[in-house]
There are 4 protein chains.
Amino acid sequence: MSFNTFGHLFRVTTFGESHGPAIGCVVDGCPPNLRFTLEEVQSALDRRRPGQSRFTTQRREPDQVKVISGTLDHPMGGLVTTGTPIAMLIENVDQRSKDYADIAGAYRPGHADFTYDIKYGIRDHRGGGRSSARETAMRVAAGAIAAKVLPGVTVRAALVQIGNIPIDHTRWNWDEVGNNPFFCPDAETVHLWSDYLDAIRKKGSSVGAIVEVVAEGVPPGLGAPLYGKLDAELASALMGINAVKAVEIGEGFNAARLTGEENADEMRRGNADHPLFLANHAGGILGGISTGAPIVARFAVKPTSSILTPRLTVDSFGDETELFTKGRHDPCVGIRAVPVGEAMVSCVLADHMLRHRGQVGTPPQWPFTR
Amino acid sequence: MSFNTFGHLFRVTTFGESHGPAIGCVVDGCPPNLRFTLEEVQSALDRRRPGQSRFTTQRREPDQVKVISGTLDHPMGGLVTTGTPIAMLIENVDQRSKDYADIAGAYRPGHADFTYDIKYGIRDHRGGGRSSARETAMRVAAGAIAAKVLPGVTVRAALVQIGNIPIDHTRWNWDEVGNNPFFCPDAETVHLWSDYLDAIRKKGSSVGAIVEVVAEGVPPGLGAPLYGKLDAELASALMGINAVKAVEIGEGFNAARLTGEENADEMRRGNADHPLFLANHAGGILGGISTGAPIVARFAVKPTSSILTPRLTVDSFGDETELFTKGRHDPCVGIRAVPVGEAMVSCVLADHMLRHRGQVGTPPQWPFTR
Amino acid sequence: MSFNTFGHLFRVTTFGESHGPAIGCVVDGCPPNLRFTLEEVQSALDRRRPGQSRFTTQRREPDQVKVISGTLDHPMGGLVTTGTPIAMLIENVDQRSKDYADIAGAYRPGHADFTYDIKYGIRDHRGGGRSSARETAMRVAAGAIAAKVLPGVTVRAALVQIGNIPIDHTRWNWDEVGNNPFFCPDAETVHLWSDYLDAIRKKGSSVGAIVEVVAEGVPPGLGAPLYGKLDAELASALMGINAVKAVEIGEGFNAARLTGEENADEMRRGNADHPLFLANHAGGILGGISTGAPIVARFAVKPTSSILTPRLTVDSFGDETELFTKGRHDPCVGIRAVPVGEAMVSCVLADHMLRHRGQVGTPPQWPFTR
Amino acid sequence: MSFNTFGHLFRVTTFGESHGPAIGCVVDGCPPNLRFTLEEVQSALDRRRPGQSRFTTQRREPDQVKVISGTLDHPMGGLVTTGTPIAMLIENVDQRSKDYADIAGAYRPGHADFTYDIKYGIRDHRGGGRSSARETAMRVAAGAIAAKVLPGVTVRAALVQIGNIPIDHTRWNWDEVGNNPFFCPDAETVHLWSDYLDAIRKKGSSVGAIVEVVAEGVPPGLGAPLYGKLDAELASALMGINAVKAVEIGEGFNAARLTGEENADEMRRGNADHPLFLANHAGGILGGISTGAPIVARFAVKPTSSILTPRLTVDSFGDETELFTKGRHDPCVGIRAVPVGEAMVSCVLADHMLRHRGQVGTPPQWPFTR
């Protein structure tokens, strides 16, 4: 079952509310004898941390992570996994619950307030409780562990569209991603986004975005037909990130417009470990199984629902009212979704790496010999 | 784990290869005392059945389904579920395995041939074996059972785009869907598609498509934060259909372009069981939980990979060759994906209906009383 | 979830009622490229088959198994797994449903009739429907596949007690097990049991039994703390066999009587792959993980509930009545539980072998080097 | 999958090592709107807490539990569940890791030291790390929450045998259980055990025990054929408790000695909600489903492996050595297993209550009307 756990062999369970004492996670099934440092986890968290530019919420959370279990000190420094569950905790520091006093009863349009209330008959109104994007910090922490299960694999993401302004893919440069507050791989687009988002921010408005995740070095063969397909599980993992409304792999929706001739990824023997696909319309996955080519996934993040303009709504008693959000929020929550997307893809790949190893062991190497 | 099983409380396991003796499924966890008829299952299968128009593969499969277990004869006719696993079987009749003799070794570009080989070190080359779209027949059969778990819910799908030709949504008419070989809800688009697909078919080419599924009458509260979100599981179920490369809910990718003001689904008390959402940008799901508004999902199906134009490829020994497909195939496999999309959504909803009932029981009715 | 499926990576789903058209199973997650023959599966089934001596039910079921999917013909004979789900079917031939006409309403004491009715509000009264021991045929078929995942492992079982008559363990001889209708490893006990069971059978009575399963050659390290312990999963698998009421590992209940000194399995380096345990009170499992010593489990099977002596009972309307069973039944159902016990242990071990490989990969070999 | 999680709808994940900073658990899937108090959880923990008599380990752990998430303050006092995951933490206070310095390399016979090392290639030697009985504190905390899911159900356990000294069942008195340090329901046996255990303790030895758990008020119909049987899952849950080697339900192993006539639980209509079973040899479960009669389970706990008498063993380099345990330990760890047994049974029943509600909903009430 999957309420607050994802993964099968590499399993992540998260807990904690936005305005409770702490959030945390348990990473279960991580193989033993993997070395990592607290700094690596912290540095992943720092990329997602709020308050780092004027384009993300001003909530000040140091997001200092503690590892509670599942590791020993490595004699040469850092930590080493023991195969037992790795629990991590982050204390909540800057919870201004007062900001939420007005909205205790009324449902914020676009938020999960109404649905939690009607599902459970009760909800934690402080900052969205469990539905807050704050929970994604633990996904990022788990993703840093997952990366250790994936030697040789590089999972990176970038923001490729804000509002109506896409990047120019021909100018894609991974080195630029760390140079701007948007995780933008196209230096020339940064200024357009900066001006645009400043205007949005000043109006107390918000806007959506599109994130692209690329995983390179993924060995061919990961995935499991028919109901554990790699692309289906990536779709689930990415769609499950707060505010995400769409996911595509490779050509994605554009595949509807292509002919079979255009969409075929022809093959030549190549000179590396795997055959050279002459194109990668498939986004690295065929029949739910990785091909060895880069895995390319994109997902759309809707605009932050918390805005300053009053919106019509109702409260828990069914009374009609208006609501606007005073709390600190992101004008484009898609920005901070970039490291979350990377983390989710890492977790899915780590899980499939272990599952593949378990179910298949070592198959004969392709090309087969006669 | 999920290899060939999906669902948690309403669980479907499928088995069987395209060119083996039979395909089948086991529907486990179906509640007892639900009445259905074999004709209902058969009629769902008939909608997906190949060979019904010149736009789908000419393989002649009667797809006669047999129920092996899990039911008793109902005294008033038809069958009734007993709570034990419902196994269903369809014999394969028209397997022309000879069509596949040439491709035993070479990998069909865009197919799962290469990935199965590199994952397992062995594959069933007859018609794609397990990766064949033929497997989806069992999903449709399971979906017909799932529908019985969803009283008051209507799950319907339609084709909304073939190649570059979308329908006009303002002309949407569900009654038209059964009147044409495309499941097209827009009568005026039918002729455009007909001409276009005839040309594609005569060239031995293929083209992609987009399917839209709408579920009406879904009670609010279905879904499970945070890793059993209804939209995440729909994304997984739809992305897992053969040849699907993209999934979106509600505004989907378009949400990236909207502002918070535009995207908010404002609420008024309404006069029915649930509040009137003044819009449904969310596609019926907020925070991973159903709102009571219609659930709207779309998915893109890539063009059939089997085409007559030769494509460059390699074989299992790494030798380079060319390949074209002689077998009978669909010029637009997206057409037959329409009933499959309905079935997958029905199965996901049935599963969540049972999970909700289990975990939450009956919460206080909204609007709450003071 | 586990309704009709067991296992995690090596997963078995069964279906079918005692008096329906067929019973079957789907073995999912079996690794590819394992060779086996239909005869191996059939021969395992033949050991469990009824009607082979006067001490088991006279129902005549040939139990001819068919493999529907998941294999290819191996070029050198027999079959080879492909990694896709292996479905197997056995048709029911000798269903005398008339035998059950009298008991359609009344609940057979000791049977699951009442509990199925009160759980589901409906039940298949023909021979117990799904709760019949007939279902265990599919466990045996699955166990024959599981054995292929366990090279070097020998899983064998024997009957060690019928009624008040235990075997003498000092006379244990595996070679005797196939020489008598009881799977008895002690030749001298066979005649005692034979006389005793003849008397039981002639009275139309029944009696309980104890089965012991021994798995040799199990590599150390299988199992998963803390909620996937090997002994816990063996306990579940064996307790889940029809009519089983108790399970123990190693010393089992006798461990309550021992002191720490007596119960310690002291260790010497040994000269084989693993350290020599000087004793095996632990039954091959410590902390939920296999030690490399033989795994020893025992389980108790209650007397067959179907007997000729009338018993007080009620029917589905709450009316009081008396009932005795006319159908053909086993005087000691524990006999046919022997191959079922072997099969369940094989399935659990196969599952854990795959899980271990997945989660841990290859740890450094013990003894570790400095 | 089940490494450190158990349950399906009511799911408990534990983490933490005996000598790390803290141990904890996440209870996921608990229904919303259940009231409980921290004191209730604490009081359950206090029953299991070490150092309360001379018969349990002298480690001084206050075991103060903190609730981190998943609840809100209830307006009328105490806490109320919200449906989100309930995380609980207990800090480790009295870890004398120095006690374990000698055993860093050598394997304690009967402990999981060797198996962890050979499975993972690494282990936490401080007090057994994850395999310590300390982890069971979190099971008890989770069990206190589970009890809230089971209104009308009483789950109680008692110690019924230490070493060779069983209680006299005819003197069973639940009120005595709280009056002695053994959870003994038979006042006259207390002194026998007291003298016996004092002798054991003074020798630095240890001894095994048997615990009996009784669940009254369990509604009929809980359980799920065939691989989610209530007895099979109880067997797994109880066998999974540290040091447990055997589990039985109802007559258990004694069922082997009974005839069908003796073992039948005859039925009369009764005058309560469920039929009066004239006996309860079945221990409240038939066909894997609860009958409504009390559920009776027993399990055997082996003697504590940590003893003062030196035992032969090896270390991680394969060198032979001797070992005795200086740390503080329980002369009869079976005593503290009593509240753990209650907790595990409560968790299993809570899980099945939710699963039953989910899968079956409300079946027609027995007796059925014509």
# chains A, B, ... in the order shown; residues from 1 in each chain; ligands from 1
call {"tool": "residues_around", "arguments": {"residues": "segment 172-178 of chain B", "least_positions_apart": "2", "cutoff": "10 Å", "atoms": "only C-alpha atoms", "output": "PyMOL selection string"}}
result
chain B and resi 47+156-160+167-170+180-187+190
call {"tool": "write_last_selection", "arguments": {"atoms": "N, CA and C atoms", "output": "compact mmCIF listing (two decimals), in the first residue's frame"}}
result
# COMPACT_ATOMS: atom_id res chain seq x y z
N ARG B 47 -15.51 -3.63 -27.89
CA ARG B 47 -15.14 -2.26 -28.29
C ARG B 47 -13.64 -2.15 -28.59
N ARG B 156 -15.86 7.50 -19.11
CA ARG B 156 -15.94 7.46 -20.57
C ARG B 156 -14.69 8.09 -21.17
N ALA B 157 -14.31 7.62 -22.34
CA ALA B 157 -13.15 8.20 -23.00
C ALA B 157 -13.47 8.46 -24.46
N ALA B 158 -12.68 9.32 -25.06
CA ALA B 158 -12.83 9.62 -26.47
C ALA B 158 -11.47 9.99 -27.04
N LEU B 159 -11.36 9.84 -28.37
CA LEU B 159 -10.12 10.25 -29.03
C LEU B 159 -10.25 11.73 -29.36
N VAL B 160 -9.28 12.53 -28.98
CA VAL B 160 -9.42 13.98 -29.20
C VAL B 160 -8.40 14.54 -30.18
N ILE B 167 -9.80 17.52 -32.30
CA ILE B 167 -11.23 17.80 -32.42
C ILE B 167 -11.48 19.24 -31.98
N ASP B 168 -12.69 19.69 -32.20
CA ASP B 168 -13.13 20.97 -31.66
C ASP B 168 -13.92 20.66 -30.39
N HIS B 169 -13.35 21.02 -29.24
CA HIS B 169 -13.99 20.65 -27.97
C HIS B 169 -15.38 21.24 -27.81
N THR B 170 -15.64 22.36 -28.50
CA THR B 170 -16.97 22.98 -28.33
C THR B 170 -18.06 22.13 -28.98
N ASN B 180 -18.74 6.20 -34.82
CA ASN B 180 -17.65 6.22 -35.79
C ASN B 180 -16.53 5.30 -35.32
N PRO B 181 -15.65 4.89 -36.21
CA PRO B 181 -14.62 3.90 -35.83
C PRO B 181 -13.49 4.49 -35.01
N PHE B 182 -13.59 5.79 -34.65
CA PHE B 182 -12.47 6.45 -33.96
C PHE B 182 -12.77 6.78 -32.50
N PHE B 183 -13.96 6.48 -32.02
CA PHE B 183 -14.38 6.96 -30.70
C PHE B 183 -14.27 8.48 -30.66
N CYS B 184 -14.64 9.12 -31.75
CA CYS B 184 -14.51 10.58 -31.86
C CYS B 184 -15.80 11.25 -31.39
N PRO B 185 -15.71 12.22 -30.48
CA PRO B 185 -16.91 12.87 -29.95
C PRO B 185 -17.37 14.06 -30.79
N ASP B 186 -16.68 14.31 -31.90
CA ASP B 186 -16.95 15.49 -32.72
C ASP B 186 -17.21 15.02 -34.15
N ALA B 187 -18.48 14.98 -34.53
CA ALA B 187 -18.87 14.37 -35.81
C ALA B 187 -18.13 14.99 -36.99
N VAL B 190 -14.65 13.56 -37.86
CA VAL B 190 -14.55 12.17 -38.29
C VAL B 190 -14.04 12.04 -39.72
call {"tool": "select_by_dssp", "arguments": {"residues": "segment 134-341 of chain C", "states": "helix (DSSP H, G or I)", "output": "PyMOL selection string"}}
result
chain C and resi 134-149+169-171+174-179+187-202+230-239+252-257+260-263+337-341
call {"tool": "interface_residues", "arguments": {"of": "chain C", "to": "chain B", "cutoff": "9 Å", "atoms": "only C-alpha atoms", "output": "ChimeraX atom specification"}}
result
/C:1-5,8-9,11,13-17,20-24,26,28-29,31-33,68-72,81-87,120-124,130
call {"tool": "closest_residue", "arguments": {"among": "B:Arg35, B:Val149, B:Phe324, B:Pro62", "to": "Gly361 of chain D", "atoms": "only C-alpha atoms"}}
result
B:Val149
call {"tool": "atom_distance", "arguments": {"atom1": "atom CA of Met239 of chain D", "atom2": "atom CA of Asp113 of chain D"}}
result
18.9 Å
call {"tool": "residues_around", "arguments": {"residues": "segment 219-226 of chain A", "least_positions_apart": "4", "cutoff": "7 Å", "atoms": "only C-alpha atoms", "output": "list of chain:residue names"}}
result
A:Leu230, A:Gly288, A:Ile289, A:Ser290, A:Thr291, A:Gly292, A:His352, A:Met353, A:His356, B:Phe3, B:Asn4, B:Thr115, B:Ile118, B:Lys119
call {"tool": "select_by_dssp", "arguments": {"residues": "segment 205-353 of chain D", "states": "strand (DSSP E)", "output": "ChimeraX atom specification"}}
result
/D:209-216,244-249,267-268,276-277,285-286,289-290,295-301,311-314,320-323
call {"tool": "residues_around", "arguments": {"residues": "Ala293 of chain D", "least_positions_apart": "5", "cutoff": "10 Å", "atoms": "only C-alpha atoms", "output": "list in words"}}
result
Ala215, Glu216, Gly217, Val218, Pro219, Pro220, His274, Pro275, Leu276, Phe277, Ala279, Asn280, Ala282, Gly283, Gly284 and Ile285 of chain D
call {"tool": "residues_around", "arguments": {"residues": "Ala255 of chain B", "least_positions_apart": "5", "cutoff": "9 Å", "atoms": "only C-alpha atoms", "output": "PDB file with N, CA, C and O atoms, in the first residue's frame"}}
result
ATOM      1  N   GLY A 163       5.666  30.400 -17.008  1.00  0.00           N
ATOM      2  CA  GLY A 163       4.562  31.056 -17.699  1.00  0.00           C
ATOM      3  C   GLY A 163       4.629  30.744 -19.183  1.00  0.00           C
ATOM      4  O   GLY A 163       4.710  29.568 -19.572  1.00  0.00           O
ATOM      5  N   VAL A 207       2.683  31.987 -10.936  1.00  0.00           N
ATOM      6  CA  VAL A 207       2.638  31.457 -12.296  1.00  0.00           C
ATOM      7  C   VAL A 207       3.205  30.033 -12.301  1.00  0.00           C
ATOM      8  O   VAL A 207       3.971  29.661 -11.404  1.00  0.00           O
ATOM      9  N   GLY A 208       2.827  29.268 -13.321  1.00  0.00           N
ATOM     10  CA  GLY A 208       3.281  27.884 -13.433  1.00  0.00           C
ATOM     11  C   GLY A 208       4.627  27.749 -14.123  1.00  0.00           C
ATOM     12  O   GLY A 208       5.239  28.748 -14.523  1.00  0.00           O
ATOM     13  N   ALA A 209       5.088  26.513 -14.264  1.00  0.00           N
ATOM     14  CA  ALA A 209       6.409  26.270 -14.845  1.00  0.00           C
ATOM     15  C   ALA A 209       6.521  24.830 -15.325  1.00  0.00           C
ATOM     16  O   ALA A 209       5.668  23.993 -15.005  1.00  0.00           O
ATOM     17  N   VAL A 244       1.980  19.347  -9.279  1.00  0.00           N
ATOM     18  CA  VAL A 244       2.265  18.857 -10.625  1.00  0.00           C
ATOM     19  C   VAL A 244       0.973  18.370 -11.283  1.00  0.00           C
ATOM     20  O   VAL A 244       0.168  17.685 -10.648  1.00  0.00           O
ATOM     21  N   LYS A 245       0.770  18.731 -12.542  1.00  0.00           N
ATOM     22  CA  LYS A 245      -0.462  18.368 -13.259  1.00  0.00           C
ATOM     23  C   LYS A 245      -0.204  17.579 -14.539  1.00  0.00           C
ATOM     24  O   LYS A 245      -1.164  17.199 -15.219  1.00  0.00           O
ATOM     25  N   ALA A 246       1.049  17.363 -14.919  1.00  0.00           N
ATOM     26  CA  ALA A 246       1.318  16.685 -16.190  1.00  0.00           C
ATOM     27  C   ALA A 246       2.729  16.134 -16.185  1.00  0.00           C
ATOM     28  O   ALA A 246       3.625  16.723 -15.577  1.00  0.00           O
ATOM     29  N   ALA A 300       4.850  19.500 -15.508  1.00  0.00           N
ATOM     30  CA  ALA A 300       4.327  20.858 -15.377  1.00  0.00           C
ATOM     31  C   ALA A 300       3.853  21.096 -13.954  1.00  0.00           C
ATOM     32  O   ALA A 300       3.173  20.254 -13.361  1.00  0.00           O
ATOM     33  N   VAL A 301       4.239  22.255 -13.419  1.00  0.00           N
ATOM     34  CA  VAL A 301       3.840  22.657 -12.076  1.00  0.00           C
ATOM     35  C   VAL A 301       2.852  23.808 -12.207  1.00  0.00           C
ATOM     36  O   VAL A 301       3.131  24.788 -12.885  1.00  0.00           O
ATOM     37  N   LYS A 302       1.726  23.679 -11.555  1.00  0.00           N
ATOM     38  CA  LYS A 302       0.718  24.728 -11.657  1.00  0.00           C
ATOM     39  C   LYS A 302       1.150  25.954 -10.850  1.00  0.00           C
ATOM     40  O   LYS A 302       2.054  25.864 -10.008  1.00  0.00           O
ATOM     41  N   PRO A 303       0.543  27.102 -11.091  1.00  0.00           N
ATOM     42  CA  PRO A 303       0.889  28.286 -10.301  1.00  0.00           C
ATOM     43  C   PRO A 303       0.543  28.066  -8.828  1.00  0.00           C
ATOM     44  O   PRO A 303      -0.451  27.408  -8.509  1.00  0.00           O
TER      45      PRO A 303
ATOM     46  N   GLY B 250      -6.544  17.596 -15.770  1.00  0.00           N
ATOM     47  CA  GLY B 250      -7.105  18.943 -15.819  1.00  0.00           C
ATOM     48  C   GLY B 250      -6.354  19.814 -16.807  1.00  0.00           C
ATOM     49  O   GLY B 250      -6.183  19.447 -17.968  1.00  0.00           O
ATOM     50  N   ASN B 263      -5.938  30.065 -12.559  1.00  0.00           N
ATOM     51  CA  ASN B 263      -5.989  28.624 -12.311  1.00  0.00           C
ATOM     52  C   ASN B 263      -6.864  28.247 -11.108  1.00  0.00           C
ATOM     53  O   ASN B 263      -7.207  27.091 -10.920  1.00  0.00           O
ATOM     54  N   HIS B 281     -10.144  23.606 -13.431  1.00  0.00           N
ATOM     55  CA  HIS B 281      -8.763  23.539 -13.904  1.00  0.00           C
ATOM     56  C   HIS B 281      -8.029  22.366 -13.272  1.00  0.00           C
ATOM     57  O   HIS B 281      -7.097  21.817 -13.845  1.00  0.00           O
TER      58      HIS B 281
END
call {"tool": "residues_around", "arguments": {"residues": "segment 53-60 of chain A", "least_positions_apart": "6", "cutoff": "8 Å", "atoms": "only C-alpha atoms", "output": "list in words"}}
result
Val93, Asp94, Gln95, Pro181, Leu197, Asp198, Arg201, Arg328, His329, Asp330, Pro331, Cys332, Val333, Ile335 and Arg336 of chain A
call {"tool": "atom_distance", "arguments": {"atom1": "atom CA of Val65 of chain C", "atom2": "atom CA of Glu91 of chain C"}}
result
7.9 Å
call {"tool": "atom_distance", "arguments": {"atom1": "atom CA of Gly51 of chain D", "atom2": "atom CA of Asn179 of chain D"}}
result
16.5 Å
call {"tool": "residues_around", "arguments": {"residues": "Ala144 of chain B", "least_positions_apart": "6", "cutoff": "9 Å", "atoms": "only C-alpha atoms", "output": "PDB file with C-alpha atoms, in the first residue's frame"}}
result
ATOM      1  CA  PHE B  36     -22.668  -8.707 -13.593  1.00  0.00           C
ATOM      2  CA  GLU B  40     -21.164  -6.909 -20.120  1.00  0.00           C
ATOM      3  CA  VAL B  41     -17.559  -8.038 -20.062  1.00  0.00           C
ATOM      4  CA  GLN B  42     -17.780  -9.294 -23.631  1.00  0.00           C
ATOM      5  CA  ALA B  44     -16.461  -4.069 -23.278  1.00  0.00           C
ATOM      6  CA  LEU B  45     -13.997  -6.373 -25.012  1.00  0.00           C
ATOM      7  CA  ALA B 343     -10.658   0.467 -18.076  1.00  0.00           C
ATOM      8  CA  SER B 346     -12.093   2.398 -13.642  1.00  0.00           C
ATOM      9  CA  CYS B 347      -9.621   0.041 -12.004  1.00  0.00           C
TER      10      CYS B 347
END
call {"tool": "closest_residue", "arguments": {"among": "D:Val340, D:Ala235, D:Ala350, D:Leu323", "to": "Glu135 of chain D", "atoms": "only C-alpha atoms"}}
result
D:Val340
call {"tool": "decode", "arguments": {"residues": "segment 27-99 of chain B", "atoms": "C-alpha atoms", "output": "PDB file, in the first residue's frame"}}
result
ATOM      1  CA  VAL B  27      -9.148  -9.879 -10.447  1.00  0.00           C
ATOM      2  CA  ASP B  28      -8.513 -10.185  -6.740  1.00  0.00           C
ATOM      3  CA  GLY B  29     -10.154  -8.187  -3.980  1.00  0.00           C
ATOM      4  CA  CYS B  30     -13.403  -7.563  -5.802  1.00  0.00           C
ATOM      5  CA  PRO B  31     -16.119  -7.187  -3.159  1.00  0.00           C
ATOM      6  CA  PRO B  32     -18.727  -9.939  -2.938  1.00  0.00           C
ATOM      7  CA  ASN B  33     -22.355  -9.779  -4.043  1.00  0.00           C
ATOM      8  CA  LEU B  34     -21.849  -7.651  -7.127  1.00  0.00           C
ATOM      9  CA  ARG B  35     -23.950  -8.799 -10.060  1.00  0.00           C
ATOM     10  CA  PHE B  36     -22.668  -8.707 -13.593  1.00  0.00           C
ATOM     11  CA  THR B  37     -23.159 -10.577 -16.836  1.00  0.00           C
ATOM     12  CA  LEU B  38     -20.694 -12.200 -19.126  1.00  0.00           C
ATOM     13  CA  GLU B  39     -22.235 -10.089 -21.865  1.00  0.00           C
ATOM     14  CA  GLU B  40     -21.164  -6.909 -20.120  1.00  0.00           C
ATOM     15  CA  VAL B  41     -17.559  -8.038 -20.062  1.00  0.00           C
ATOM     16  CA  GLN B  42     -17.780  -9.294 -23.631  1.00  0.00           C
ATOM     17  CA  SER B  43     -19.278  -6.074 -24.851  1.00  0.00           C
ATOM     18  CA  ALA B  44     -16.461  -4.069 -23.278  1.00  0.00           C
ATOM     19  CA  LEU B  45     -13.997  -6.373 -25.012  1.00  0.00           C
ATOM     20  CA  ASP B  46     -15.786  -5.994 -28.318  1.00  0.00           C
ATOM     21  CA  ARG B  47     -15.138  -2.261 -28.290  1.00  0.00           C
ATOM     22  CA  ARG B  48     -11.394  -2.914 -28.114  1.00  0.00           C
ATOM     23  CA  ARG B  49     -11.399  -5.894 -30.461  1.00  0.00           C
ATOM     24  CA  PRO B  50      -9.222  -5.646 -33.556  1.00  0.00           C
ATOM     25  CA  GLY B  51     -10.474  -5.974 -37.095  1.00  0.00           C
ATOM     26  CA  GLN B  52     -13.625  -3.943 -36.705  1.00  0.00           C
ATOM     27  CA  SER B  53     -12.726  -1.292 -39.253  1.00  0.00           C
ATOM     28  CA  ARG B  54      -9.994  -0.724 -41.771  1.00  0.00           C
ATOM     29  CA  PHE B  55      -8.295   1.543 -39.258  1.00  0.00           C
ATOM     30  CA  THR B  56      -7.304  -1.196 -36.863  1.00  0.00           C
ATOM     31  CA  THR B  57      -5.232  -4.333 -37.256  1.00  0.00           C
ATOM     32  CA  GLN B  58      -6.827  -7.054 -39.359  1.00  0.00           C
ATOM     33  CA  ARG B  59      -5.921  -9.799 -36.899  1.00  0.00           C
ATOM     34  CA  ARG B  60      -9.196 -11.680 -36.355  1.00  0.00           C
ATOM     35  CA  GLU B  61      -9.587 -12.438 -32.698  1.00  0.00           C
ATOM     36  CA  PRO B  62     -13.093 -13.200 -31.465  1.00  0.00           C
ATOM     37  CA  ASP B  63     -11.829 -12.430 -27.951  1.00  0.00           C
ATOM     38  CA  GLN B  64     -14.413 -14.682 -26.327  1.00  0.00           C
ATOM     39  CA  VAL B  65     -13.912 -14.351 -22.602  1.00  0.00           C
ATOM     40  CA  LYS B  66     -14.468 -17.187 -20.113  1.00  0.00           C
ATOM     41  CA  VAL B  67     -14.911 -16.717 -16.374  1.00  0.00           C
ATOM     42  CA  ILE B  68     -13.049 -19.472 -14.526  1.00  0.00           C
ATOM     43  CA  SER B  69     -13.608 -18.640 -10.872  1.00  0.00           C
ATOM     44  CA  GLY B  70     -14.853 -16.206  -8.280  1.00  0.00           C
ATOM     45  CA  THR B  71     -18.528 -16.154  -9.232  1.00  0.00           C
ATOM     46  CA  LEU B  72     -21.730 -18.085  -8.770  1.00  0.00           C
ATOM     47  CA  ASP B  73     -24.793 -18.080 -10.981  1.00  0.00           C
ATOM     48  CA  HIS B  74     -27.178 -15.468  -9.686  1.00  0.00           C
ATOM     49  CA  PRO B  75     -30.688 -16.869  -9.145  1.00  0.00           C
ATOM     50  CA  MET B  76     -32.122 -14.021 -11.209  1.00  0.00           C
ATOM     51  CA  GLY B  77     -29.646 -14.435 -14.074  1.00  0.00           C
ATOM     52  CA  GLY B  78     -26.076 -13.522 -14.765  1.00  0.00           C
ATOM     53  CA  LEU B  79     -23.290 -13.933 -12.278  1.00  0.00           C
ATOM     54  CA  VAL B  80     -22.573 -12.700  -8.791  1.00  0.00           C
ATOM     55  CA  THR B  81     -19.147 -12.177  -7.240  1.00  0.00           C
ATOM     56  CA  THR B  82     -18.256 -14.182  -4.144  1.00  0.00           C
ATOM     57  CA  GLY B  83     -15.246 -12.195  -2.915  1.00  0.00           C
ATOM     58  CA  THR B  84     -12.783 -14.799  -4.190  1.00  0.00           C
ATOM     59  CA  PRO B  85     -10.459 -14.168  -7.141  1.00  0.00           C
ATOM     60  CA  ILE B  86     -12.144 -13.821 -10.516  1.00  0.00           C
ATOM     61  CA  ALA B  87     -10.022 -15.447 -13.200  1.00  0.00           C
ATOM     62  CA  MET B  88     -10.832 -14.780 -16.843  1.00  0.00           C
ATOM     63  CA  LEU B  89      -9.325 -16.350 -19.954  1.00  0.00           C
ATOM     64  CA  ILE B  90      -9.287 -15.485 -23.653  1.00  0.00           C
ATOM     65  CA  GLU B  91      -7.869 -18.002 -26.084  1.00  0.00           C
ATOM     66  CA  ASN B  92      -5.625 -16.765 -28.844  1.00  0.00           C
ATOM     67  CA  VAL B  93      -7.072 -17.891 -32.147  1.00  0.00           C
ATOM     68  CA  ASP B  94      -5.476 -16.056 -35.045  1.00  0.00           C
ATOM     69  CA  GLN B  95      -1.765 -16.108 -34.273  1.00  0.00           C
ATOM     70  CA  ARG B  96       0.182 -15.899 -37.497  1.00  0.00           C
ATOM     71  CA  SER B  97       3.533 -16.474 -35.932  1.00  0.00           C
ATOM     72  CA  LYS B  98       5.062 -16.889 -39.364  1.00  0.00           C
ATOM     73  CA  ASP B  99       4.702 -13.170 -39.879  1.00  0.00           C
TER      74      ASP B  99
END
